[in-house]
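Shown next: coords_30.txt, given as compact mmCIF, C-alpha atoms and all ligand atoms.
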# COMPACT_ATOMS: atom_id res chain seq x y z
CA MET A 872 6.57 3.02 -23.58
CA ALA A 873 5.58 -0.28 -25.16
CA ASP A 874 7.71 -2.11 -22.64
CA LEU A 875 6.22 -0.16 -19.79
CA ARG A 876 2.69 -0.88 -20.93
CA GLU A 877 3.42 -4.57 -21.16
CA ASP A 878 5.04 -4.57 -17.75
CA VAL A 879 2.17 -2.74 -16.21
CA SER A 880 -0.42 -5.11 -17.57
CA LYS A 881 1.51 -7.94 -15.97
CA MET A 882 1.83 -6.12 -12.70
CA ARG A 883 -1.55 -4.63 -12.10
CA MET A 884 -3.78 -5.90 -9.37
CA ALA A 885 -0.76 -7.45 -7.79
CA LEU A 886 -1.84 -6.82 -4.26
CA THR A 887 -5.41 -7.77 -4.86
CA PHE A 888 -4.31 -11.29 -5.57
CA GLY A 889 -2.91 -11.44 -2.08
CA VAL A 890 -6.09 -11.92 -0.18
CA MET A 891 -7.82 -13.80 -2.94
CA GLY A 892 -4.91 -16.17 -3.30
CA LEU A 893 -4.58 -16.58 0.41
CA LEU A 894 -8.14 -17.67 0.94
CA THR A 895 -8.02 -19.91 -2.09
CA VAL A 896 -4.91 -21.66 -0.93
CA LEU A 897 -6.06 -22.35 2.57
CA SER A 898 -9.43 -23.83 2.60
CA PRO A 899 -10.91 -26.99 1.26
CA ALA A 900 -13.31 -26.65 4.22
CA PHE A 901 -16.01 -28.95 2.92
CA LEU A 902 -17.00 -30.68 6.14
CA LEU A 903 -16.67 -27.60 8.28
CA ALA A 904 -18.86 -25.68 5.92
CA ALA A 905 -21.61 -28.26 6.17
CA GLU A 906 -21.44 -28.38 9.96
CA ASN A 907 -21.54 -24.64 10.50
CA HIS A 908 -24.14 -23.80 7.87
CA HIS A 909 -22.02 -21.30 6.07
CA PRO A 910 -21.28 -21.44 2.37
CA GLN A 911 -18.21 -23.33 1.34
CA GLN A 912 -17.28 -20.45 -0.89
CA ILE A 913 -18.49 -16.90 -1.38
CA THR A 914 -18.26 -14.54 -4.34
CA VAL A 915 -17.15 -10.94 -3.92
CA ASN A 916 -16.79 -8.54 -6.85
CA GLY A 917 -16.91 -11.47 -9.26
CA LYS A 918 -14.21 -13.57 -7.55
CA ASN A 919 -14.63 -16.70 -5.48
CA TYR A 920 -13.17 -17.11 -1.99
CA ASP A 921 -13.10 -20.32 0.02
CA TRP A 922 -14.30 -20.20 3.61
CA PRO A 923 -11.30 -20.07 5.98
CA LYS A 924 -10.59 -23.38 7.67
CA SER A 925 -8.52 -21.79 10.44
CA PRO A 926 -8.35 -18.11 11.44
CA VAL A 927 -6.84 -16.20 8.55
CA VAL A 928 -4.88 -13.08 9.53
CA VAL A 929 -3.71 -10.70 6.81
CA VAL A 930 -1.09 -8.23 8.06
CA LEU A 931 -0.49 -5.17 5.88
CA ILE A 932 2.78 -3.48 6.80
CA ASP A 933 2.17 0.10 5.71
CA GLY A 934 5.19 1.38 3.79
CA GLY A 935 6.71 -2.08 4.15
CA ASP A 936 9.40 -1.78 1.52
CA PRO A 937 11.10 -5.17 1.04
CA ALA A 938 14.45 -3.54 1.88
CA TYR A 939 13.50 -3.35 5.58
CA VAL A 940 12.81 -7.06 5.82
CA ASN A 941 15.87 -7.93 3.76
CA ASP A 942 18.17 -5.90 5.98
CA ALA A 943 16.89 -7.35 9.24
CA LEU A 944 16.82 -10.87 7.78
CA ALA A 945 20.47 -10.49 6.80
CA GLN A 946 21.23 -9.74 10.46
CA GLY A 947 19.41 -12.92 11.46
CA LEU A 948 16.82 -10.95 13.41
CA LEU A 949 13.47 -12.08 11.94
CA PRO A 950 13.01 -15.79 12.69
CA ASN A 951 9.27 -15.75 12.10
CA PHE A 952 9.52 -13.91 8.77
CA LYS A 953 12.23 -16.37 7.80
CA LYS A 954 10.08 -19.38 8.67
CA LEU A 955 7.10 -18.09 6.67
CA MET A 956 9.31 -17.19 3.72
CA THR A 957 11.17 -20.47 3.59
CA GLU A 958 8.26 -22.81 4.31
CA GLY A 959 5.59 -20.91 2.39
CA PHE A 960 5.37 -18.68 -0.64
CA VAL A 961 7.22 -15.40 -1.13
CA SER A 962 7.36 -12.98 -4.02
CA VAL A 963 8.07 -9.30 -4.49
CA ALA A 964 4.89 -7.95 -6.05
CA VAL A 965 3.83 -4.47 -7.11
CA GLY A 966 0.96 -2.54 -5.63
CA ALA A 967 -1.62 -0.39 -7.37
CA MET A 968 -0.96 3.14 -8.55
CA PRO A 969 -0.81 5.61 -6.98
CA SER A 970 1.40 3.86 -4.42
CA PHE A 971 -0.47 5.37 -1.50
CA THR A 972 -2.19 3.86 1.52
CA ASN A 973 -5.89 4.08 0.77
CA PRO A 974 -5.94 2.82 -2.84
CA ASN A 975 -3.85 -0.21 -1.89
CA ASN A 976 -5.56 -1.13 1.37
CA ILE A 977 -8.87 -0.99 -0.45
CA SER A 978 -7.48 -3.11 -3.30
CA VAL A 979 -6.52 -5.78 -0.77
CA ILE A 980 -9.90 -5.83 0.98
CA THR A 981 -11.96 -5.73 -2.22
CA GLY A 982 -9.82 -7.91 -4.52
CA VAL A 983 -10.24 -5.45 -7.39
CA PRO A 984 -8.22 -2.48 -8.72
CA PRO A 985 -9.00 1.22 -8.12
CA SER A 986 -10.86 1.46 -11.45
CA VAL A 987 -13.46 -0.83 -9.86
CA HIS A 988 -13.35 0.08 -6.14
CA GLY A 989 -13.08 3.81 -6.85
CA ILE A 990 -10.43 4.86 -4.31
CA SER A 991 -7.89 6.80 -6.35
CA GLY A 992 -5.86 8.39 -3.55
CA ASN A 993 -5.87 9.44 0.08
CA PHE A 994 -7.25 12.75 -1.11
CA PHE A 995 -8.95 13.98 -4.29
CA LEU A 996 -10.90 16.71 -6.00
CA ASN A 997 -14.46 15.44 -5.81
CA PRO A 998 -16.05 16.01 -9.23
CA ALA A 999 -19.51 15.78 -7.66
CA THR A 1000 -18.93 18.79 -5.39
CA GLY A 1001 -15.89 20.55 -6.86
CA GLN A 1002 -14.37 20.36 -3.37
CA GLU A 1003 -11.08 18.83 -2.29
CA ALA A 1004 -11.73 16.00 0.15
CA MET A 1005 -10.13 13.15 2.02
CA MET A 1006 -10.98 9.84 0.39
CA ASP A 1007 -11.75 8.16 3.68
CA GLN A 1008 -15.54 7.77 3.61
CA PRO A 1009 -17.46 4.63 2.63
CA GLN A 1010 -19.60 6.74 0.29
CA PHE A 1011 -16.64 6.77 -2.11
CA LEU A 1012 -16.42 2.95 -2.31
CA ARG A 1013 -17.76 1.40 -5.50
CA ALA A 1014 -17.14 -2.25 -4.64
CA ASP A 1015 -17.92 -4.68 -1.84
CA SER A 1016 -15.33 -5.51 0.79
CA ILE A 1017 -14.31 -9.16 1.23
CA LEU A 1018 -14.36 -8.56 4.99
CA ALA A 1019 -17.95 -7.29 4.97
CA LYS A 1020 -19.19 -10.03 2.65
CA PHE A 1021 -17.73 -12.79 4.82
CA SER A 1022 -19.34 -11.18 7.87
CA GLU A 1023 -22.71 -11.06 6.09
CA HIS A 1024 -22.44 -14.84 5.66
CA GLY A 1025 -21.78 -15.33 9.35
CA ALA A 1026 -17.99 -15.18 9.59
CA LYS A 1027 -16.46 -13.51 12.62
CA VAL A 1028 -14.39 -10.70 11.17
CA ALA A 1029 -12.04 -8.16 12.74
CA ALA A 1030 -10.43 -5.20 10.95
CA ILE A 1031 -7.97 -3.09 12.91
CA THR A 1032 -6.05 -0.16 11.47
CA ALA A 1033 -3.33 2.04 12.91
CA LYS A 1034 -4.49 5.27 11.26
CA ASP A 1035 -8.03 6.48 11.59
CA LYS A 1036 -8.13 7.49 7.90
CA LEU A 1037 -8.92 3.88 6.97
CA ALA A 1038 -11.23 3.01 9.84
CA LYS A 1039 -14.59 3.90 8.33
CA MET A 1040 -13.95 2.11 5.06
CA LEU A 1041 -12.67 -1.04 6.78
CA ALA A 1042 -15.72 -1.09 9.04
CA TYR A 1043 -18.20 -0.46 6.26
CA ARG A 1044 -21.05 -3.03 6.29
CA LEU A 1045 -19.19 -5.27 8.74
CA GLN A 1046 -21.77 -7.38 10.56
CA HIS A 1047 -21.17 -8.05 14.26
CA GLY A 1048 -17.46 -7.51 13.68
CA ILE A 1049 -14.69 -5.78 15.61
CA SER A 1050 -13.23 -2.72 13.94
CA PHE A 1051 -11.33 0.27 15.25
CA SER A 1052 -8.21 2.39 14.73
CA ALA A 1053 -5.33 2.38 17.20
CA GLU A 1054 -5.28 6.15 16.85
CA LYS A 1055 -8.79 6.45 18.31
CA ALA A 1056 -8.68 3.33 20.50
CA ASP A 1057 -9.75 5.34 23.53
CA LYS A 1058 -13.04 6.17 21.81
CA CYS A 1059 -14.12 2.52 21.21
CA THR A 1060 -17.65 1.52 22.08
CA LYS A 1061 -19.20 -1.90 21.91
CA GLU A 1062 -21.97 -0.52 19.72
CA ASP A 1063 -19.71 1.12 17.13
CA ASN A 1064 -16.52 -0.96 17.32
CA GLY A 1065 -17.51 -4.33 18.81
CA ILE A 1066 -15.33 -3.70 21.92
CA ASP A 1067 -15.54 -1.22 24.77
CA ASN A 1068 -12.41 0.50 26.07
CA CYS A 1069 -9.91 -0.86 23.57
CA PRO A 1070 -6.72 0.14 25.47
CA ALA A 1071 -7.84 -1.96 28.47
CA TYR A 1072 -8.85 -4.85 26.18
CA VAL A 1073 -5.47 -4.71 24.41
CA GLY A 1074 -3.57 -4.11 27.65
CA LYS A 1075 -1.56 -1.18 26.30
CA PRO A 1076 -1.95 2.60 26.71
CA LEU A 1077 -3.28 4.70 23.85
CA PRO A 1078 -0.30 5.10 21.46
CA SER A 1079 0.88 8.32 19.83
CA ALA A 1080 -0.10 8.73 16.18
CA TYR A 1081 3.59 9.35 15.51
CA SER A 1082 5.18 6.22 16.92
CA ALA A 1083 6.09 2.60 16.27
CA ASP A 1084 3.71 1.81 19.12
CA LEU A 1085 0.73 2.76 16.96
CA SER A 1086 1.41 -0.27 14.75
CA LEU A 1087 2.49 -2.55 17.58
CA PHE A 1088 -0.82 -1.71 19.28
CA VAL A 1089 -2.65 -3.02 16.19
CA LEU A 1090 -0.70 -6.29 16.31
CA GLU A 1091 -1.26 -6.68 20.06
CA ALA A 1092 -4.98 -6.06 19.50
CA GLY A 1093 -4.95 -8.78 16.84
CA ILE A 1094 -3.32 -11.22 19.27
CA ARG A 1095 -5.90 -10.46 22.01
CA ILE A 1096 -8.81 -10.79 19.57
CA LEU A 1097 -7.42 -14.06 18.26
CA GLU A 1098 -7.09 -15.40 21.81
CA ARG A 1099 -10.54 -14.34 22.96
CA GLU A 1100 -12.87 -14.13 19.97
CA LYS A 1101 -11.50 -16.77 17.56
CA PRO A 1102 -12.27 -14.77 14.41
CA ASP A 1103 -12.47 -16.44 11.00
CA LEU A 1104 -10.87 -13.53 9.22
CA MET A 1105 -8.79 -10.66 10.53
CA TYR A 1106 -7.17 -7.72 8.73
CA LEU A 1107 -4.44 -5.79 10.53
CA SER A 1108 -3.19 -2.63 8.80
CA LEU A 1109 -0.18 -0.84 10.29
CA SER A 1110 1.29 2.69 9.95
CA ASP A 1111 4.30 3.77 7.87
CA TYR A 1112 5.55 6.34 10.38
CA ILE A 1113 8.79 4.43 11.01
CA GLN A 1114 9.52 3.88 7.31
CA HIS A 1115 8.95 7.57 6.57
CA LYS A 1116 11.41 8.52 9.29
CA TYR A 1117 14.06 5.83 9.21
CA ALA A 1118 15.95 4.00 6.47
CA PRO A 1119 16.39 0.22 6.28
CA GLY A 1120 19.17 -0.86 8.62
CA SER A 1121 18.64 2.00 11.09
CA LYS A 1122 18.31 1.06 14.74
CA GLU A 1123 14.70 2.34 14.91
CA ALA A 1124 13.55 0.51 11.78
CA THR A 1125 15.25 -2.71 12.83
CA GLU A 1126 13.68 -2.59 16.29
CA TYR A 1127 10.27 -2.03 14.71
CA TYR A 1128 10.60 -5.06 12.44
CA VAL A 1129 11.79 -7.19 15.34
CA GLY A 1130 8.59 -6.12 17.12
CA ILE A 1131 6.50 -7.11 14.10
CA ASP A 1132 8.33 -10.44 13.89
CA LYS A 1133 7.60 -11.27 17.53
CA ALA A 1134 3.91 -10.52 17.00
CA LEU A 1135 3.85 -12.73 13.90
CA GLY A 1136 5.29 -15.57 15.94
CA ARG A 1137 2.55 -15.17 18.54
CA LEU A 1138 -0.22 -15.03 15.91
CA VAL A 1139 1.10 -18.20 14.27
CA GLY A 1140 1.47 -19.80 17.70
CA LEU A 1141 -2.23 -19.21 18.34
CA GLY A 1142 -3.10 -21.24 15.25
CA ALA A 1143 -3.63 -18.44 12.76
CA THR A 1144 -2.74 -18.69 9.11
CA VAL A 1145 -0.81 -15.46 8.69
CA ALA A 1146 -0.21 -13.73 5.37
CA LEU A 1147 1.86 -10.60 4.92
CA THR A 1148 1.96 -7.84 2.40
CA ALA A 1149 2.30 -4.05 2.24
CA ASP A 1150 0.50 -1.20 0.52
CA HIS A 1151 3.61 0.36 -1.00
CA GLY A 1152 7.35 0.68 -0.53
CA MET A 1153 9.34 3.71 0.59
CA ASN A 1154 12.30 5.60 -0.85
CA ASP A 1155 14.63 8.43 0.12
CA LYS A 1156 13.50 11.56 -1.74
CA SER A 1157 16.21 13.96 -0.57
CA LYS A 1158 19.20 15.65 -2.15
CA ALA A 1159 22.79 15.02 -1.06
CA ASP A 1160 22.58 17.99 1.33
CA GLY A 1161 19.59 16.42 3.10
CA SER A 1162 16.95 18.81 1.76
CA PRO A 1163 13.88 17.33 0.03
CA ASN A 1164 14.16 16.92 -3.74
CA ILE A 1165 10.97 18.68 -4.86
CA VAL A 1166 9.53 19.67 -8.25
CA PHE A 1167 7.10 22.53 -7.55
CA LEU A 1168 4.39 21.90 -10.12
CA GLN A 1169 2.06 24.83 -9.42
CA ASP A 1170 4.96 27.30 -9.54
CA LEU A 1171 6.07 25.93 -12.92
CA LEU A 1172 2.55 26.01 -14.37
CA ASP A 1173 1.69 29.47 -13.05
CA LYS A 1174 4.92 30.92 -14.37
CA GLN A 1175 4.44 29.46 -17.85
CA PHE A 1176 0.66 29.71 -18.31
CA GLY A 1177 -0.51 32.26 -15.74
CA SER A 1178 -2.07 31.75 -12.33
CA GLY A 1179 -5.58 30.38 -12.01
CA LYS A 1180 -5.35 28.29 -15.18
CA THR A 1181 -4.46 25.01 -13.52
CA LYS A 1182 -4.86 23.36 -10.14
CA VAL A 1183 -2.41 20.82 -8.74
CA ILE A 1184 -3.78 18.17 -6.36
CA LEU A 1185 -1.46 16.03 -4.23
CA PRO A 1186 -3.37 12.81 -3.46
CA ILE A 1187 -0.90 11.77 -0.72
CA SER A 1188 -2.38 14.51 1.48
CA ASP A 1189 -3.66 13.32 4.83
CA PRO A 1190 -3.54 14.62 8.40
CA TYR A 1191 -0.19 12.94 9.12
CA VAL A 1192 2.13 15.76 8.03
CA LYS A 1193 5.00 14.63 10.24
CA HIS A 1194 5.32 11.58 7.98
CA HIS A 1195 5.82 13.25 4.62
CA GLY A 1196 4.91 16.97 4.73
CA GLY A 1197 2.26 16.26 2.09
CA LEU A 1198 4.92 15.33 -0.48
CA GLY A 1199 4.82 12.16 -2.59
CA SER A 1200 5.78 11.06 -6.08
CA TYR A 1201 2.32 11.38 -7.67
CA ALA A 1202 0.21 14.42 -8.51
CA THR A 1203 -2.79 15.23 -10.65
CA ILE A 1204 -3.46 18.48 -12.52
CA PHE A 1205 -6.86 19.96 -13.35
CA PHE A 1206 -7.32 22.53 -16.10
CA HIS A 1207 -9.55 25.39 -14.92
CA GLN A 1208 -9.37 27.22 -18.22
CA PRO A 1209 -8.66 26.03 -21.76
CA ILE A 1210 -4.98 25.26 -21.99
CA SER A 1211 -2.81 23.22 -24.31
CA ALA A 1212 -2.29 19.81 -22.72
CA PRO A 1213 0.69 19.03 -24.99
CA ALA A 1214 2.31 22.31 -23.92
CA VAL A 1215 1.86 21.41 -20.23
CA MET A 1216 3.17 17.91 -20.80
CA ASN A 1217 6.15 19.28 -22.69
CA LEU A 1218 7.00 21.66 -19.85
CA LEU A 1219 6.73 18.98 -17.17
CA ASN A 1220 8.56 16.33 -19.13
CA LYS A 1221 11.59 18.62 -19.21
CA GLN A 1222 11.84 18.77 -15.42
CA PRO A 1223 14.57 16.61 -13.89
CA GLY A 1224 12.99 13.96 -11.67
CA VAL A 1225 9.68 13.80 -13.56
CA GLU A 1226 9.29 10.24 -14.81
CA LEU A 1227 5.88 10.15 -16.46
CA VAL A 1228 3.24 12.66 -17.59
CA MET A 1229 0.05 11.29 -19.12
CA ASN A 1230 -3.46 12.45 -19.84
CA ARG A 1231 -6.43 11.26 -17.84
CA ALA A 1232 -7.72 8.58 -20.22
CA ALA A 1233 -4.35 7.02 -20.97
CA PHE A 1234 -3.24 6.93 -17.33
CA ALA A 1235 -6.56 5.54 -16.10
CA LYS A 1236 -6.40 2.78 -18.69
CA MET A 1237 -2.80 1.86 -18.10
CA PHE A 1238 -3.00 1.82 -14.29
CA ASP A 1239 -6.60 0.72 -13.72
CA LEU A 1240 -7.76 3.97 -12.11
CA PRO A 1241 -11.21 5.58 -12.09
CA ALA A 1242 -10.94 8.26 -14.81
CA ASP A 1243 -13.52 10.50 -13.14
CA ARG A 1244 -11.44 10.73 -9.96
CA ILE A 1245 -8.06 11.77 -11.32
CA GLY A 1246 -7.01 15.03 -12.98
CA ASP A 1247 -6.80 16.09 -16.62
CA LEU A 1248 -3.15 15.13 -16.37
CA VAL A 1249 -1.24 12.81 -14.05
CA VAL A 1250 2.42 13.38 -13.13
CA VAL A 1251 4.71 10.78 -11.57
CA SER A 1252 8.20 11.54 -10.27
CA ASP A 1253 11.10 9.14 -10.00
CA ARG A 1254 12.56 7.16 -7.11
CA GLY A 1255 14.44 10.13 -5.65
CA THR A 1256 12.00 13.01 -6.30
CA VAL A 1257 8.69 14.27 -4.91
CA LEU A 1258 6.07 16.59 -6.35
CA GLY A 1259 4.92 19.72 -4.52
CA LYS A 1260 2.69 22.67 -5.29
CA SER A 1261 4.48 25.91 -4.52
CA LYS A 1262 7.68 26.82 -2.75
CA ALA A 1263 6.02 29.75 -0.99
CA THR A 1264 3.36 27.62 0.70
CA LEU A 1265 5.56 24.62 1.52
CA ASP A 1266 5.61 23.75 5.20
CA LEU A 1267 8.15 21.14 6.18
CA SER A 1268 8.18 21.95 9.87
CA GLY A 1269 6.45 18.63 10.58
CA LEU A 1270 9.40 16.68 9.25
CA GLY A 1271 11.56 17.85 12.14
CA GLY A 1272 14.70 18.16 10.00
CA THR A 1273 14.91 14.50 8.97
CA ARG A 1274 15.53 13.44 5.36
CA LEU A 1275 12.31 13.11 3.40
CA ARG A 1276 11.33 9.51 2.69
CA SER A 1277 8.10 9.00 0.78
CA HIS A 1278 6.21 7.09 -1.91
CA GLY A 1279 3.49 7.41 -4.56
CA GLY A 1280 5.37 6.68 -7.78
CA LEU A 1281 6.18 3.68 -9.94
CA ALA A 1282 9.46 3.08 -8.12
CA ASP A 1283 7.67 2.90 -4.75
CA ARG A 1284 5.32 0.02 -5.50
CA ASN A 1285 7.40 -3.00 -4.56
CA VAL A 1286 6.04 -5.02 -1.66
CA TYR A 1287 6.44 -8.52 -0.33
CA LEU A 1288 3.65 -11.03 -0.75
CA ILE A 1289 4.16 -13.79 1.79
CA PHE A 1290 1.88 -16.77 2.37
CA PRO A 1291 2.57 -19.44 4.99
CA ARG A 1292 2.20 -22.32 2.54
CA PRO A 1293 3.30 -22.98 -1.02
CA LEU A 1294 0.75 -22.14 -3.70
CA ASN A 1295 -1.78 -24.77 -4.67
CA ASP A 1296 -2.87 -25.61 -8.19
CA LYS A 1297 -5.67 -23.04 -8.16
CA TYR A 1298 -3.09 -20.32 -8.62
CA ALA A 1299 -2.35 -21.68 -12.07
CA GLU A 1300 -5.81 -20.43 -13.06
CA ILE A 1301 -5.03 -16.84 -12.04
CA PRO A 1302 -3.62 -14.84 -14.97
CA ASP A 1303 -0.13 -13.43 -14.38
CA PHE A 1304 0.25 -14.83 -10.89
CA PRO A 1305 2.63 -14.29 -9.24
CA PRO A 1306 2.79 -10.76 -10.60
CA ALA A 1307 6.08 -9.97 -12.27
CA VAL A 1308 8.28 -7.18 -11.05
CA LYS A 1309 10.16 -5.44 -13.79
CA ARG A 1310 11.30 -2.17 -12.31
ZN ZN A 1401 0.73 3.53 3.27
ZN ZN A 1402 3.10 7.16 3.81
Written as structure tokens, that's how I'd like the structure from this file.
Amino acid sequence: MADLREDVSKMRMALTFGVMGLLTVLSPAFLLAAENHHPQQITVNGKNYDWPKSPVVVVLIDGGDPAYVNDALAQGLLPNFKKLMTEGFVSVAVGAMPSFTNPNNISVITGVPPSVHGISGNFFLNPATGQEAMMDQPQFLRADSILAKFSEHGAKVAAITAKDKLAKMLAYRLQHGISFSAEKADKCTKEDNGIDNCPAYVGKPLPSAYSADLSLFVLEAGIRILEREKPDLMYLSLSDYIQHKYAPGSKEATEYYVGIDKALGRLVGLGATVALTADHGMNDKSKADGSPNIVFLQDLLDKQFGSGKTKVILPISDPYVKHHGGLGSYATIFFHQPISAPAVMNLLNKQPGVELVMNRAAFAKMFDLPADRIGDLVVVSDRGTVLGKSKATLDLSGLGGTRLRSHGGLADRNVYLIFPRPLNDKYAEIPDFPPAVKR
């Protein structure tokens, strides 16, 4: 445990350094700042960011486990990734816990960990209302977004996401910016999104929510916006549909990464400074026979302590059930009635595949989470295991018979952090940068 704690302290906020470091590395910008009457540097959530000298584009490959890039690179298929990685900076970093989409996207756009920005999952039990809710509304944010703050100082900012679950938070307080989700691109209005009729603007039909095209639409939108609007700062967040469905080295995954690589080449060709990262990795969570490897937490707790005593929440939950069937490697447990926490921890620790069980305070402290937005206990499963509620209510029809691939745990945090230039001396002032990867 001591080793883990030390490792974690070195790793935390890994992703958040991405954007901060990127802007720091790119922009002396003194003369430009004076000419255009914008500040040379702005402060967001206590950190300083230089004004971009050229358009800065941050691409977040949702579920972008390094294994996908490594496999396609080994086949010689990603020339633009290769160029960025050999001429610039590359490290494998670790994302925030839980290794889900919303906490990590928000860490990137705020530069602070979930304990500060408040987004503890895709889904949570809201202590203010006692209701379970998607964590997709700006009202849950407790920190400023770097995107919004730059726009308030006059920067042209665009934030495009594949899945609509991030759209409202990315757009929050954006001034005169462009912001929409590929999923709802047909609903764009100039007033709400900065562009009318996004499919026509992008030149592609509305993509399916369950397709590689959803992400490629985001990249194509970024290219069009870069060509026409010359933004100062652009954030492009993709979908992990392909990584949930297909392993590294599969034809589908390789084709997807080749598509991303081509788009990167075009963004760079248009003069953008392109940085890449991901929100989390992705691992196979199935047994040898192909069935999902699930620990049913609510069944275990009800059997041992009686029903109604505890409530299991799965913070991976979102509307995209074909991706993961609501199963990830992180769960929280609320106690509805007095119950012995050590007894619960003892029971869960005995289950094969359970990697870590901690109480609220200890987990929040170790992983920089907001203690009021996680359960009385937190459970994390290992690389090959997911956590479910009850066997009787499980619905895997959305998976369509494919092996379950998912994320959420400690083993699913590894992501690439790629900048187009080597680090400058300012990075020496950032504690623990680049973040170490120990697992
Ligand atoms: Zn994700
Ligand atoms: Zn996912």
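In terms of minimum interatomic distance to ligand ZN 1402 (chain A), A:Met1153 ranks closest within A:Met1153, A:Leu1281, A:Ile1017, A:Ile1204, counting all atoms listed in the file.
All protein and nucleic acid residues in the vicinity of (-4.2, 13.8, 17.8), that is within 12 Å when counting all atoms listed in the file, are Lys1034, Asp1035, Ala1053, Glu1054, Lys1055, Ala1056, Asp1057, Leu1077, Pro1078, Ser1079, Ala1080, Tyr1081, Pro1190, Tyr1191, Val1192 and Lys1193 of chain A.
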Open item on the list: With distances taken over only C-alpha atoms, which residue among A:Gly1136, A:Gly966, A:Gly1269, A:Gly1280 lies nearest Lys954 (chain A)?
Closed with: A:Gly1136
Just want the 10 Å neighbourhood of Ala1004 (chain A), counted on all atoms listed in the file, with same-chain residues fewer than 3 positions away dropped. Output as a PDB file with C-alpha atoms, in the coordinates of the input.
ATOM      1  CA  ASN A 993      -5.870   9.440   0.080  1.00  0.00           C
ATOM      2  CA  PHE A 994      -7.250  12.750  -1.110  1.00  0.00           C
ATOM      3  CA  PHE A 995      -8.950  13.980  -4.290  1.00  0.00           C
ATOM      4  CA  LEU A 996     -10.900  16.710  -6.000  1.00  0.00           C
ATOM      5  CA  ASN A 997     -14.460  15.440  -5.810  1.00  0.00           C
ATOM      6  CA  THR A1000     -18.930  18.790  -5.390  1.00  0.00           C
ATOM      7  CA  GLY A1001     -15.890  20.550  -6.860  1.00  0.00           C
ATOM      8  CA  ASP A1007     -11.750   8.160   3.680  1.00  0.00           C
ATOM      9  CA  GLN A1008     -15.540   7.770   3.610  1.00  0.00           C
ATOM     10  CA  PRO A1186      -3.370  12.810  -3.460  1.00  0.00           C
ATOM     11  CA  SER A1188      -2.380  14.510   1.480  1.00  0.00           C
ATOM     12  CA  ASP A1189      -3.660  13.320   4.830  1.00  0.00           C
TER      13      ASP A1189
END
- [ ] Please give me, as a ChimeraX atom specification, the residues lying within 10 Å of ligand ZN 1401 (chain A) when counting all atoms listed in the file.
- [x] /A:931-935,970-976,993,1034,1108-1112,1114-1115,1149-1153,1187,1277-1279
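With only C-alpha atoms and all ligand atoms as the atoms that count, the minimum distance from ligand ZN 1402 (chain A) to the choices A:Ala1124, A:Met1005, A:Pro969, A:Gln1169 is reached by A:Pro969.
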Surrounding residues of Arg1292 (chain A) excluding itself and chain neighbours under 4 positions, 7 Å, all atoms listed in the file, as an mmCIF file with C-alpha atoms, in the coordinates of the input:
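Contents of selection-v4.cif, freshly written:
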data_model
loop_
_atom_site.group_PDB
_atom_site.id
_atom_site.type_symbol
_atom_site.label_atom_id
_atom_site.label_comp_id
_atom_site.auth_asym_id
_atom_site.auth_seq_id
_atom_site.Cartn_x
_atom_site.Cartn_y
_atom_site.Cartn_z
ATOM 1 C CA GLU A 958 8.260 -22.810 4.310
ATOM 2 C CA GLY A 959 5.590 -20.910 2.390
ATOM 3 C CA PHE A 960 5.370 -18.680 -0.640
#
Open item on the list: Ranking A:Gln1046, A:Asn1154, A:Gln1175, A:Ser1052 by minimum distance to ligand ZN 1402 (chain A) and counting all atoms listed in the file, which one comes first?
Closed with: A:Asn1154
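Minimum atom-to-atom distances from A:Ile913, A:Ala1118, A:Ile1113, A:Val1166 to Ser1200 (chain A) were compared using all atoms listed in the file, and the lowest value belongs to A:Val1166.
The residue that comes closest to ligand ZN 1402 (chain A), out of A:Leu1198, A:Ala1263, A:Leu1104, A:Val1129 and on the basis of all atoms listed in the file, is A:Leu1198.
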I want to know what sits within 8 Å of Asn916 (chain A), based on all atoms listed in the file, with residues of the same chain fewer than 3 positions away left out; could you give that as a compact mmCIF listing (two decimals) with C-alpha atoms, in the coordinates of the input?
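Writing done, so here's out-v3.txt:
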# COMPACT_ATOMS: atom_id res chain seq x y z
CA THR A 981 -11.96 -5.73 -2.22
CA GLY A 982 -9.82 -7.91 -4.52
CA VAL A 983 -10.24 -5.45 -7.39
CA ALA A 1014 -17.14 -2.25 -4.64
CA ASP A 1015 -17.92 -4.68 -1.84
Mind dumping a table of every region 1115-1197 of chain A residue within 10 Å of region 922-930 of chain A, with the nearest atom pair and its distance in Å to one decimal, using all atoms listed in the file, sorted by chain and rising number, as a tab-separated table?
residue	atom	partner	partner_atom	distance
A:Ile1131	CA	A:Val930	CA	9.8
A:Leu1135	CA	A:Val930	CA	8.9
A:Leu1138	CA	A:Val928	CA	8.1
A:Val1139	CA	A:Val928	CA	9.2
A:Leu1141	CA	A:Pro926	CA	9.3
A:Gly1142	CA	A:Pro926	CA	7.2
A:Ala1143	CA	A:Pro926	CA	4.9
A:Thr1144	CA	A:Val927	CA	4.8
A:Val1145	CA	A:Val928	CA	4.8
A:Ala1146	CA	A:Val929	CA	4.8
A:Leu1147	CA	A:Val930	CA	4.9
A:Thr1148	CA	A:Val930	CA	6.4
A:Ala1149	CA	A:Val930	CA	7.9
Output file for the residues above (C-alpha atoms, as a tab-separated table (two decimals), in the frame of the given file):
chain	number	residue	atom	x	y	z
A	1131	ILE	CA	6.50	-7.11	14.10
A	1135	LEU	CA	3.85	-12.73	13.90
A	1138	LEU	CA	-0.22	-15.03	15.91
A	1139	VAL	CA	1.10	-18.20	14.27
A	1141	LEU	CA	-2.23	-19.21	18.34
A	1142	GLY	CA	-3.10	-21.24	15.25
A	1143	ALA	CA	-3.63	-18.44	12.76
A	1144	THR	CA	-2.74	-18.69	9.11
A	1145	VAL	CA	-0.81	-15.46	8.69
A	1146	ALA	CA	-0.21	-13.73	5.37
A	1147	LEU	CA	1.86	-10.60	4.92
A	1148	THR	CA	1.96	-7.84	2.40
A	1149	ALA	CA	2.30	-4.05	2.24
